[in-house]
>>> print(open('final03.txt').read())   # compact mmCIF, C-alpha atoms
# COMPACT_ATOMS: atom_id res chain seq x y z
CA MET F 1 184.03 80.48 123.29
CA SER F 2 180.48 79.35 122.66
CA GLN F 3 178.27 81.01 120.10
CA ALA F 4 176.07 82.37 122.87
CA ASP F 5 179.09 83.96 124.57
CA ALA F 6 180.56 85.46 121.38
CA SER F 7 180.40 89.23 121.26
CA PRO F 8 178.80 90.93 118.23
CA LEU F 9 181.16 91.62 115.35
CA ILE F 10 180.57 94.64 113.12
CA LEU F 11 180.77 93.83 109.42
CA VAL F 12 180.56 96.80 107.08
CA LEU F 13 179.27 96.25 103.56
CA GLY F 14 181.52 98.26 101.28
CA SER F 15 178.78 100.00 99.29
CA ARG F 16 176.41 102.97 99.50
CA ASN F 17 173.96 101.33 97.08
CA ARG F 18 171.01 100.62 99.38
CA LYS F 19 169.44 97.95 97.17
CA LYS F 20 172.73 96.12 96.80
CA CYS F 21 173.41 96.31 100.55
CA ALA F 22 169.95 94.95 101.35
CA GLU F 23 170.52 92.06 98.96
CA MET F 24 173.97 91.35 100.38
CA ALA F 25 172.66 91.38 103.95
CA ASP F 26 169.97 88.88 102.98
CA LEU F 27 172.58 86.63 101.40
CA ILE F 28 174.95 86.66 104.36
CA ARG F 29 172.18 85.09 106.44
CA PRO F 30 169.73 83.64 103.90
CA ALA F 31 166.25 82.68 105.03
CA TRP F 32 166.71 79.09 103.82
CA GLU F 33 169.69 78.34 106.11
CA PRO F 34 170.11 78.49 109.92
CA ALA F 35 172.08 81.62 110.84
CA GLY F 36 174.31 79.81 113.34
CA VAL F 37 177.49 81.71 114.07
CA LEU F 38 176.61 84.25 111.36
CA GLY F 39 174.04 85.57 113.80
CA ARG F 40 176.97 87.15 115.61
CA LEU F 41 177.37 89.72 112.83
CA GLU F 42 176.12 93.27 113.19
CA ILE F 43 175.78 94.24 109.53
CA ARG F 44 176.18 97.85 108.54
CA SER F 45 176.75 99.75 105.29
CA LEU F 46 178.85 102.72 104.25
CA ASP F 47 175.80 104.93 104.86
CA ASP F 48 176.70 104.50 108.55
CA TYR F 49 180.21 105.82 107.90
CA PRO F 50 180.13 109.08 105.92
CA GLN F 51 183.83 109.52 106.66
CA ALA F 52 184.73 106.39 104.68
CA PRO F 53 186.87 107.24 101.64
CA GLU F 54 185.72 106.76 98.06
CA VAL F 55 187.78 103.93 96.60
CA ASP F 56 189.12 104.31 93.07
CA GLU F 57 187.82 101.18 91.34
CA SER F 58 190.69 101.10 88.86
CA ALA F 59 191.42 97.36 88.77
CA ASP F 60 190.81 95.55 85.49
CA THR F 61 188.99 92.60 87.10
CA PHE F 62 186.00 92.24 89.41
CA GLY F 63 188.19 90.44 91.93
CA GLY F 64 190.75 93.23 91.89
CA ASN F 65 188.14 95.89 92.57
CA ALA F 66 186.50 93.85 95.35
CA ARG F 67 189.88 93.47 97.04
CA LYS F 68 190.64 97.20 96.70
CA LYS F 69 187.29 98.24 98.15
CA ALA F 70 187.47 95.79 101.04
CA SER F 71 191.10 96.45 101.95
CA GLU F 72 191.16 100.24 101.67
CA THR F 73 187.83 100.72 103.42
CA ALA F 74 188.72 98.33 106.25
CA ALA F 75 192.06 100.03 106.84
CA ALA F 76 190.41 103.47 106.90
CA LEU F 77 187.62 102.46 109.31
CA GLY F 78 189.49 99.93 111.43
CA LEU F 79 186.61 97.48 110.95
CA TRP F 80 185.85 94.25 109.10
CA VAL F 81 184.58 95.01 105.59
CA LEU F 82 182.90 92.82 103.00
CA ALA F 83 182.99 94.32 99.51
CA ASP F 84 181.76 93.09 96.19
CA ASP F 85 182.36 94.07 92.62
CA SER F 86 179.94 92.78 90.08
CA GLY F 87 178.75 93.49 86.61
CA LEU F 88 177.57 92.31 83.26
CA ALA F 89 179.71 90.61 80.62
CA VAL F 90 177.95 90.47 77.24
CA ASP F 91 179.25 88.01 74.64
CA ALA F 92 178.51 90.29 71.66
CA LEU F 93 180.37 93.14 73.37
CA GLU F 94 183.47 90.97 73.94
CA GLY F 95 182.81 90.83 77.67
CA GLY F 96 181.76 94.46 78.04
CA PRO F 97 180.72 96.48 79.88
CA GLY F 98 182.54 94.33 82.46
CA VAL F 99 184.15 96.28 85.30
CA LEU F 100 182.68 99.46 83.79
CA SER F 101 179.10 98.15 84.17
CA ALA F 102 178.02 100.76 86.74
CA ARG F 103 179.55 103.58 84.66
CA PHE F 104 178.75 102.23 81.19
CA ALA F 105 176.90 105.43 80.20
CA GLY F 106 179.31 107.69 82.09
CA GLU F 107 179.28 109.50 85.41
CA PRO F 108 177.30 109.77 87.59
CA CYS F 109 176.14 106.15 87.65
CA ASP F 110 172.63 105.88 86.22
CA ASP F 111 170.81 102.55 85.81
CA ALA F 112 168.34 103.88 83.24
CA ALA F 113 171.09 105.41 81.10
CA ASN F 114 173.18 102.23 81.32
CA ASN F 115 170.23 100.12 80.18
CA ARG F 116 169.53 102.45 77.26
CA LYS F 117 173.17 102.30 76.17
CA LEU F 118 173.20 98.50 76.43
CA LEU F 119 170.12 98.18 74.21
CA GLU F 120 171.58 100.64 71.72
CA SER F 121 174.94 98.83 71.71
CA LEU F 122 173.31 95.51 70.88
CA GLY F 123 171.04 97.05 68.25
CA ASP F 124 170.02 94.35 65.78
CA VAL F 125 172.11 91.57 67.34
CA PRO F 126 169.95 88.43 66.99
CA ASP F 127 168.58 86.65 70.04
CA ASP F 128 170.93 83.70 69.69
CA ARG F 129 173.94 86.05 70.00
CA ARG F 130 172.71 88.03 73.01
CA GLY F 131 174.21 85.70 75.61
CA ALA F 132 175.63 87.31 78.74
CA ALA F 133 176.79 86.58 82.25
CA PHE F 134 176.43 88.46 85.49
CA ARG F 135 179.67 88.07 87.47
CA CYS F 136 180.32 88.75 91.14
CA ALA F 137 183.51 88.83 93.20
CA LEU F 138 183.49 89.12 97.00
CA ALA F 139 186.32 90.00 99.36
CA VAL F 140 186.46 90.25 103.16
CA ALA F 141 189.18 92.34 104.82
CA ASP F 142 190.12 92.49 108.48
CA PRO F 143 190.47 95.81 110.36
CA GLY F 144 194.08 96.07 109.26
CA GLY F 145 193.13 95.86 105.59
CA THR F 146 194.36 92.30 105.00
CA ILE F 147 192.16 90.23 102.69
CA ARG F 148 191.01 87.16 104.61
CA LEU F 149 188.36 85.63 102.35
CA GLU F 150 187.41 85.72 98.66
CA ALA F 151 184.77 84.12 96.43
CA GLU F 152 183.60 84.52 92.84
CA ALA F 153 180.68 83.18 90.79
CA ALA F 154 178.67 83.84 87.64
CA CYS F 155 175.17 83.38 86.26
CA ARG F 156 174.48 82.92 82.54
CA GLY F 157 171.50 84.42 80.76
CA ARG F 158 170.47 86.50 77.76
CA ILE F 159 169.79 90.19 77.13
CA VAL F 160 166.20 90.89 76.09
CA ARG F 161 165.11 93.77 73.85
CA GLU F 162 163.14 95.83 76.36
CA LEU F 163 162.92 96.37 80.11
CA ARG F 164 160.86 93.69 81.82
CA GLY F 165 159.81 93.79 85.46
CA PRO F 166 160.04 96.32 88.30
CA GLY F 167 162.28 94.27 90.59
CA GLY F 168 165.98 94.28 91.24
CA PHE F 169 168.32 97.03 90.12
CA GLY F 170 170.93 97.78 87.49
CA TYR F 171 170.61 95.55 84.42
CA ASP F 172 168.18 93.14 86.12
CA PRO F 173 165.15 94.07 83.93
CA LEU F 174 167.15 93.16 80.80
CA PHE F 175 168.76 89.92 82.01
CA LEU F 176 166.65 86.89 81.11
CA ILE F 177 167.01 83.51 82.80
CA PRO F 178 165.96 81.22 79.91
CA GLU F 179 164.87 78.33 82.15
CA TYR F 180 162.35 80.62 83.87
CA HIS F 181 161.42 82.75 80.83
CA ARG F 182 161.70 85.77 83.10
CA THR F 183 164.21 88.51 83.76
CA PHE F 184 165.72 89.19 87.16
CA GLY F 185 163.38 92.19 87.20
CA GLU F 186 160.39 89.84 86.98
CA LEU F 187 161.51 87.11 89.37
CA SER F 188 160.70 87.29 93.07
CA PRO F 189 163.59 88.20 95.39
CA LEU F 190 163.55 84.69 96.86
CA VAL F 191 163.95 83.04 93.43
CA LYS F 192 166.59 85.55 92.38
CA HIS F 193 168.50 84.87 95.60
CA GLN F 194 168.66 81.19 94.62
CA LEU F 195 169.94 81.85 91.10
CA SER F 196 171.96 85.03 90.91
CA HIS F 197 175.69 85.48 90.52
CA ARG F 198 175.76 87.24 93.89
CA SER F 199 173.83 84.41 95.55
CA ARG F 200 176.25 81.85 94.14
CA ALA F 201 179.26 83.84 95.29
CA PHE F 202 177.83 84.14 98.80
CA ALA F 203 177.07 80.41 98.85
CA ARG F 204 180.79 79.86 98.32
CA LEU F 205 181.77 82.50 100.88
CA ARG F 206 179.46 81.53 103.77
CA PRO F 207 181.23 78.30 104.84
CA ALA F 208 184.56 80.13 105.04
CA LEU F 209 182.93 83.06 106.83
CA ARG F 210 181.40 80.68 109.38
CA SER F 211 184.79 79.09 109.94
CA LEU F 212 186.42 82.49 110.35
CA LEU F 213 183.82 83.65 112.86
CA GLY F 214 184.31 80.46 114.83
CA THR F 215 187.95 81.36 115.47
CA PRO F 216 188.30 82.50 119.10
CA SER F 217 190.73 85.31 118.21
CA ILE F 218 188.34 87.04 115.82
CA GLU F 219 187.01 90.29 117.25
>>> encode(input="final03.txt", output="structure tokens")
Amino acid sequence: MSQADASPLILVLGSRNRKKCAEMADLIRPAWEPAGVLGRLEIRSLDDYPQAPEVDESADTFGGNARKKASETAAALGLWVLADDSGLAVDALEGGPGVLSARFAGEPCDDAANNRKLLESLGDVPDDRRGAAFRCALAVADPGGTIRLEAEAACRGRIVRELRGPGGFGYDPLFLIPEYHRTFGELSPLVKHQLSHRSRAFARLRPALRSLLGTPSIE
């Protein structure tokens, strides 16, 4: 089957976070690469499926949670699902908040509260000990809930002492990229998309996703 003859394939992003879904959609078909067979995808989010179940993100790794979200959501909807789990691992906090990044300050998830708690937790930790990494795990499940693709990546940086920049979401205004002397909150979306943990994970996923979509039996 040629690309022109291929029918659209619905791919549901396993999140209700609008900013995250917008970023993920941009990274599936980034502006700096030809879409090719990825143009076949009709990308949706969980906002389009209010009946989708809430997945208990109880795994102790980002990869485990990404697999749970993709598999359980795909099986419930009978559709292809791409899910991610990502978060911040701070050296001085022994890798925390890790998989609890979105709920660091408790429920409900609150970016401002999480950022306040992070700054309080680091307190007087000196700049040379404020190293951190954003980590991202991606998983794609077929309509039966079987995981078909996975990718992981990380981006190293440092936690600054105050919020900087209006861009991004989550911990972005506190995460400094030393080479640029700017936080993810200060960098343009295009630059962030070239550097981020999520961008790097998608760069690893896209070739496999293209190959999968090129399989005649995929529908």
>>> residues_around(input="final03.txt", residues="Ser45 of chain F", least_positions_apart="5", cutoff="12 Å", atoms="only C-alpha atoms", output="count of residues only")
25
>>> atom_distance(input="final03.txt", atom1="atom CA of Asn115 of chain F", atom2="atom CA of Lys68 of chain F")
26.4 Å
>>> closest_residue(input="final03.txt", among="F:Leu93, F:Leu9, F:Ala66, F:Ala105", to="Leu38 of chain F", atoms="all atoms listed in the file")
F:Leu9
>>> closest_residue(input="final03.txt", among="F:Gly87, F:Gly78, F:Pro189, F:Pro126", to="Gly145 of chain F", atoms="only C-alpha atoms")
F:Gly78
>>> residues_around(input="final03.txt", residues="Glu150 of chain F", least_positions_apart="3", cutoff="12 Å", atoms="all atoms listed in the file", output="count of residues only")
31
>>> residues_near_point(input="final03.txt", point="(161.6, 84.3, 91.6)", cutoff="12 Å", atoms="only C-alpha atoms", output="list in words")
Gly165, Gly167, Gly168, Leu176, Ile177, Glu179, Tyr180, His181, Arg182, Thr183, Phe184, Gly185, Glu186, Leu187, Ser188, Pro189, Leu190, Val191, Lys192, His193, Gln194, Leu195 and Ser196 of chain F
>>> closest_residue(input="final03.txt", among="F:Ala151, F:Ala133, F:Ile28, F:Ala59", to="Val99 of chain F", atoms="only C-alpha atoms")
F:Ala59
>>> closest_residue(input="final03.txt", among="F:Tyr49, F:Phe169, F:Phe175, F:Phe104", to="Arg156 of chain F", atoms="all atoms listed in the file")
F:Phe175
>>> atom_distance(input="final03.txt", atom1="atom CA of Arg40 of chain F", atom2="atom CA of Ala76 of chain F")
22.9 Å
>>> atom_distance(input="final03.txt", atom1="atom CA of Pro53 of chain F", atom2="atom CA of Asp172 of chain F")
28.1 Å
>>> closest_residue(input="final03.txt", among="F:Val37, F:Cys155, F:Leu212, F:Leu163", to="Arg200 of chain F", atoms="all atoms listed in the file")
F:Cys155
>>> decode(input="final03.txt", residues="segment 64-110 of chain F", atoms="N, CA and C atoms", output="PDB file, in the first residue's frame")
ATOM      1  N   GLY F  64       7.829   1.996  33.391  1.00  0.00           N
ATOM      2  CA  GLY F  64       6.711   1.193  33.878  1.00  0.00           C
ATOM      3  C   GLY F  64       5.391   1.938  33.807  1.00  0.00           C
ATOM      4  N   ASN F  65       5.417   3.208  34.190  1.00  0.00           N
ATOM      5  CA  ASN F  65       4.188   4.000  34.131  1.00  0.00           C
ATOM      6  C   ASN F  65       3.756   4.274  32.696  1.00  0.00           C
ATOM      7  N   ALA F  66       4.711   4.548  31.806  1.00  0.00           N
ATOM      8  CA  ALA F  66       4.367   4.769  30.402  1.00  0.00           C
ATOM      9  C   ALA F  66       3.709   3.526  29.810  1.00  0.00           C
ATOM     10  N   ARG F  67       4.255   2.365  30.127  1.00  0.00           N
ATOM     11  CA  ARG F  67       3.669   1.116  29.622  1.00  0.00           C
ATOM     12  C   ARG F  67       2.265   0.900  30.176  1.00  0.00           C
ATOM     13  N   LYS F  68       2.067   1.163  31.470  1.00  0.00           N
ATOM     14  CA  LYS F  68       0.744   0.999  32.079  1.00  0.00           C
ATOM     15  C   LYS F  68      -0.275   1.918  31.411  1.00  0.00           C
ATOM     16  N   LYS F  69       0.093   3.182  31.239  1.00  0.00           N
ATOM     17  CA  LYS F  69      -0.849   4.145  30.664  1.00  0.00           C
ATOM     18  C   LYS F  69      -1.195   3.775  29.226  1.00  0.00           C
ATOM     19  N   ALA F  70      -0.180   3.415  28.452  1.00  0.00           N
ATOM     20  CA  ALA F  70      -0.434   3.067  27.054  1.00  0.00           C
ATOM     21  C   ALA F  70      -1.279   1.807  26.947  1.00  0.00           C
ATOM     22  N   SER F  71      -0.898   0.760  27.657  1.00  0.00           N
ATOM     23  CA  SER F  71      -1.561  -0.530  27.527  1.00  0.00           C
ATOM     24  C   SER F  71      -3.001  -0.488  28.031  1.00  0.00           C
ATOM     25  N   GLU F  72      -3.214   0.045  29.220  1.00  0.00           N
ATOM     26  CA  GLU F  72      -4.558   0.036  29.806  1.00  0.00           C
ATOM     27  C   GLU F  72      -5.516   0.950  29.043  1.00  0.00           C
ATOM     28  N   THR F  73      -5.003   2.094  28.591  1.00  0.00           N
ATOM     29  CA  THR F  73      -5.858   3.016  27.850  1.00  0.00           C
ATOM     30  C   THR F  73      -6.205   2.450  26.479  1.00  0.00           C
ATOM     31  N   ALA F  74      -5.230   1.861  25.804  1.00  0.00           N
ATOM     32  CA  ALA F  74      -5.468   1.273  24.486  1.00  0.00           C
ATOM     33  C   ALA F  74      -6.493   0.148  24.575  1.00  0.00           C
ATOM     34  N   ALA F  75      -6.348  -0.711  25.567  1.00  0.00           N
ATOM     35  CA  ALA F  75      -7.280  -1.832  25.710  1.00  0.00           C
ATOM     36  C   ALA F  75      -8.692  -1.330  25.994  1.00  0.00           C
ATOM     37  N   ALA F  76      -8.808  -0.258  26.779  1.00  0.00           N
ATOM     38  CA  ALA F  76     -10.128   0.280  27.118  1.00  0.00           C
ATOM     39  C   ALA F  76     -10.798   0.946  25.918  1.00  0.00           C
ATOM     40  N   LEU F  77     -10.012   1.643  25.099  1.00  0.00           N
ATOM     41  CA  LEU F  77     -10.571   2.387  23.965  1.00  0.00           C
ATOM     42  C   LEU F  77     -10.611   1.583  22.666  1.00  0.00           C
ATOM     43  N   GLY F  78      -9.792   0.541  22.581  1.00  0.00           N
ATOM     44  CA  GLY F  78      -9.689  -0.201  21.330  1.00  0.00           C
ATOM     45  C   GLY F  78      -8.997   0.605  20.247  1.00  0.00           C
ATOM     46  N   LEU F  79      -8.031   1.446  20.654  1.00  0.00           N
ATOM     47  CA  LEU F  79      -7.321   2.319  19.728  1.00  0.00           C
ATOM     48  C   LEU F  79      -5.823   2.293  20.040  1.00  0.00           C
ATOM     49  N   TRP F  80      -5.025   2.741  19.063  1.00  0.00           N
ATOM     50  CA  TRP F  80      -3.599   2.919  19.313  1.00  0.00           C
ATOM     51  C   TRP F  80      -3.401   4.071  20.296  1.00  0.00           C
ATOM     52  N   VAL F  81      -2.513   3.885  21.248  1.00  0.00           N
ATOM     53  CA  VAL F  81      -2.246   4.911  22.266  1.00  0.00           C
ATOM     54  C   VAL F  81      -0.746   5.096  22.434  1.00  0.00           C
ATOM     55  N   LEU F  82      -0.329   6.350  22.460  1.00  0.00           N
ATOM     56  CA  LEU F  82       1.053   6.699  22.792  1.00  0.00           C
ATOM     57  C   LEU F  82       1.024   7.424  24.142  1.00  0.00           C
ATOM     58  N   ALA F  83       1.707   6.869  25.113  1.00  0.00           N
ATOM     59  CA  ALA F  83       1.747   7.482  26.444  1.00  0.00           C
ATOM     60  C   ALA F  83       3.185   7.791  26.833  1.00  0.00           C
ATOM     61  N   ASP F  84       3.317   8.818  27.648  1.00  0.00           N
ATOM     62  CA  ASP F  84       4.641   9.108  28.187  1.00  0.00           C
ATOM     63  C   ASP F  84       4.552   9.188  29.700  1.00  0.00           C
ATOM     64  N   ASP F  85       5.662   8.963  30.337  1.00  0.00           N
ATOM     65  CA  ASP F  85       5.797   9.329  31.745  1.00  0.00           C
ATOM     66  C   ASP F  85       7.131  10.027  31.851  1.00  0.00           C
ATOM     67  N   SER F  86       7.116  11.154  32.466  1.00  0.00           N
ATOM     68  CA  SER F  86       8.333  11.951  32.535  1.00  0.00           C
ATOM     69  C   SER F  86       8.374  12.684  33.854  1.00  0.00           C
ATOM     70  N   GLY F  87       9.561  13.139  34.202  1.00  0.00           N
ATOM     71  CA  GLY F  87       9.697  13.861  35.452  1.00  0.00           C
ATOM     72  C   GLY F  87      11.118  14.300  35.697  1.00  0.00           C
ATOM     73  N   LEU F  88      11.299  14.826  36.877  1.00  0.00           N
ATOM     74  CA  LEU F  88      12.568  15.445  37.259  1.00  0.00           C
ATOM     75  C   LEU F  88      13.289  14.585  38.288  1.00  0.00           C
ATOM     76  N   ALA F  89      14.563  14.336  38.044  1.00  0.00           N
ATOM     77  CA  ALA F  89      15.400  13.607  38.991  1.00  0.00           C
ATOM     78  C   ALA F  89      16.524  14.538  39.442  1.00  0.00           C
ATOM     79  N   VAL F  90      16.483  14.950  40.701  1.00  0.00           N
ATOM     80  CA  VAL F  90      17.435  15.922  41.237  1.00  0.00           C
ATOM     81  C   VAL F  90      18.515  15.195  42.031  1.00  0.00           C
ATOM     82  N   ASP F  91      19.775  15.467  41.695  1.00  0.00           N
ATOM     83  CA  ASP F  91      20.895  14.763  42.335  1.00  0.00           C
ATOM     84  C   ASP F  91      20.858  14.899  43.854  1.00  0.00           C
ATOM     85  N   ALA F  92      20.640  16.121  44.349  1.00  0.00           N
ATOM     86  CA  ALA F  92      20.677  16.374  45.791  1.00  0.00           C
ATOM     87  C   ALA F  92      19.490  15.737  46.519  1.00  0.00           C
ATOM     88  N   LEU F  93      18.476  15.346  45.791  1.00  0.00           N
ATOM     89  CA  LEU F  93      17.310  14.678  46.374  1.00  0.00           C
ATOM     90  C   LEU F  93      17.337  13.179  46.081  1.00  0.00           C
ATOM     91  N   GLU F  94      18.534  12.660  45.761  1.00  0.00           N
ATOM     92  CA  GLU F  94      18.735  11.240  45.482  1.00  0.00           C
ATOM     93  C   GLU F  94      17.788  10.744  44.390  1.00  0.00           C
ATOM     94  N   GLY F  95      17.623  11.563  43.361  1.00  0.00           N
ATOM     95  CA  GLY F  95      16.785  11.173  42.234  1.00  0.00           C
ATOM     96  C   GLY F  95      15.338  11.591  42.349  1.00  0.00           C
ATOM     97  N   GLY F  96      14.968  12.199  43.474  1.00  0.00           N
ATOM     98  CA  GLY F  96      13.590  12.670  43.628  1.00  0.00           C
ATOM     99  C   GLY F  96      13.389  13.976  42.888  1.00  0.00           C
ATOM    100  N   PRO F  97      12.153  14.361  42.673  1.00  0.00           N
ATOM    101  CA  PRO F  97      10.912  13.638  42.976  1.00  0.00           C
ATOM    102  C   PRO F  97      10.620  12.449  42.067  1.00  0.00           C
ATOM    103  N   GLY F  98      11.349  12.273  40.984  1.00  0.00           N
ATOM    104  CA  GLY F  98      11.224  11.074  40.156  1.00  0.00           C
ATOM    105  C   GLY F  98       9.817  10.846  39.646  1.00  0.00           C
ATOM    106  N   VAL F  99       9.315   9.609  39.816  1.00  0.00           N
ATOM    107  CA  VAL F  99       7.992   9.276  39.288  1.00  0.00           C
ATOM    108  C   VAL F  99       6.878  10.026  40.019  1.00  0.00           C
ATOM    109  N   LEU F 100       7.214  10.663  41.127  1.00  0.00           N
ATOM    110  CA  LEU F 100       6.221  11.457  41.860  1.00  0.00           C
ATOM    111  C   LEU F 100       6.264  12.930  41.463  1.00  0.00           C
ATOM    112  N   SER F 101       6.969  13.259  40.375  1.00  0.00           N
ATOM    113  CA  SER F 101       7.171  14.664  40.005  1.00  0.00           C
ATOM    114  C   SER F 101       5.870  15.453  39.910  1.00  0.00           C
ATOM    115  N   ALA F 102       4.854  14.902  39.266  1.00  0.00           N
ATOM    116  CA  ALA F 102       3.600  15.638  39.070  1.00  0.00           C
ATOM    117  C   ALA F 102       2.833  15.803  40.369  1.00  0.00           C
ATOM    118  N   ARG F 103       3.112  14.924  41.344  1.00  0.00           N
ATOM    119  CA  ARG F 103       2.380  14.957  42.623  1.00  0.00           C
ATOM    120  C   ARG F 103       3.303  15.256  43.787  1.00  0.00           C
ATOM    121  N   PHE F 104       4.421  15.925  43.505  1.00  0.00           N
ATOM    122  CA  PHE F 104       5.444  16.175  44.522  1.00  0.00           C
ATOM    123  C   PHE F 104       4.862  16.899  45.730  1.00  0.00           C
ATOM    124  N   ALA F 105       3.989  17.860  45.506  1.00  0.00           N
ATOM    125  CA  ALA F 105       3.387  18.630  46.600  1.00  0.00           C
ATOM    126  C   ALA F 105       2.026  18.074  47.013  1.00  0.00           C
ATOM    127  N   GLY F 106       1.665  16.906  46.505  1.00  0.00           N
ATOM    128  CA  GLY F 106       0.399  16.279  46.856  1.00  0.00           C
ATOM    129  C   GLY F 106      -0.646  16.437  45.779  1.00  0.00           C
ATOM    130  N   GLU F 107      -1.823  15.890  46.053  1.00  0.00           N
ATOM    131  CA  GLU F 107      -2.950  15.970  45.123  1.00  0.00           C
ATOM    132  C   GLU F 107      -3.822  17.176  45.457  1.00  0.00           C
ATOM    133  N   PRO F 108      -4.493  17.776  44.467  1.00  0.00           N
ATOM    134  CA  PRO F 108      -4.342  17.528  43.034  1.00  0.00           C
ATOM    135  C   PRO F 108      -3.009  18.075  42.528  1.00  0.00           C
ATOM    136  N   CYS F 109      -2.605  17.648  41.347  1.00  0.00           N
ATOM    137  CA  CYS F 109      -1.338  18.102  40.771  1.00  0.00           C
ATOM    138  C   CYS F 109      -1.371  19.617  40.582  1.00  0.00           C
ATOM    139  N   ASP F 110      -0.291  20.269  41.008  1.00  0.00           N
ATOM    140  CA  ASP F 110      -0.242  21.733  40.954  1.00  0.00           C
ATOM    141  C   ASP F 110       1.194  22.153  40.666  1.00  0.00           C
TER     142      ASP F 110
END
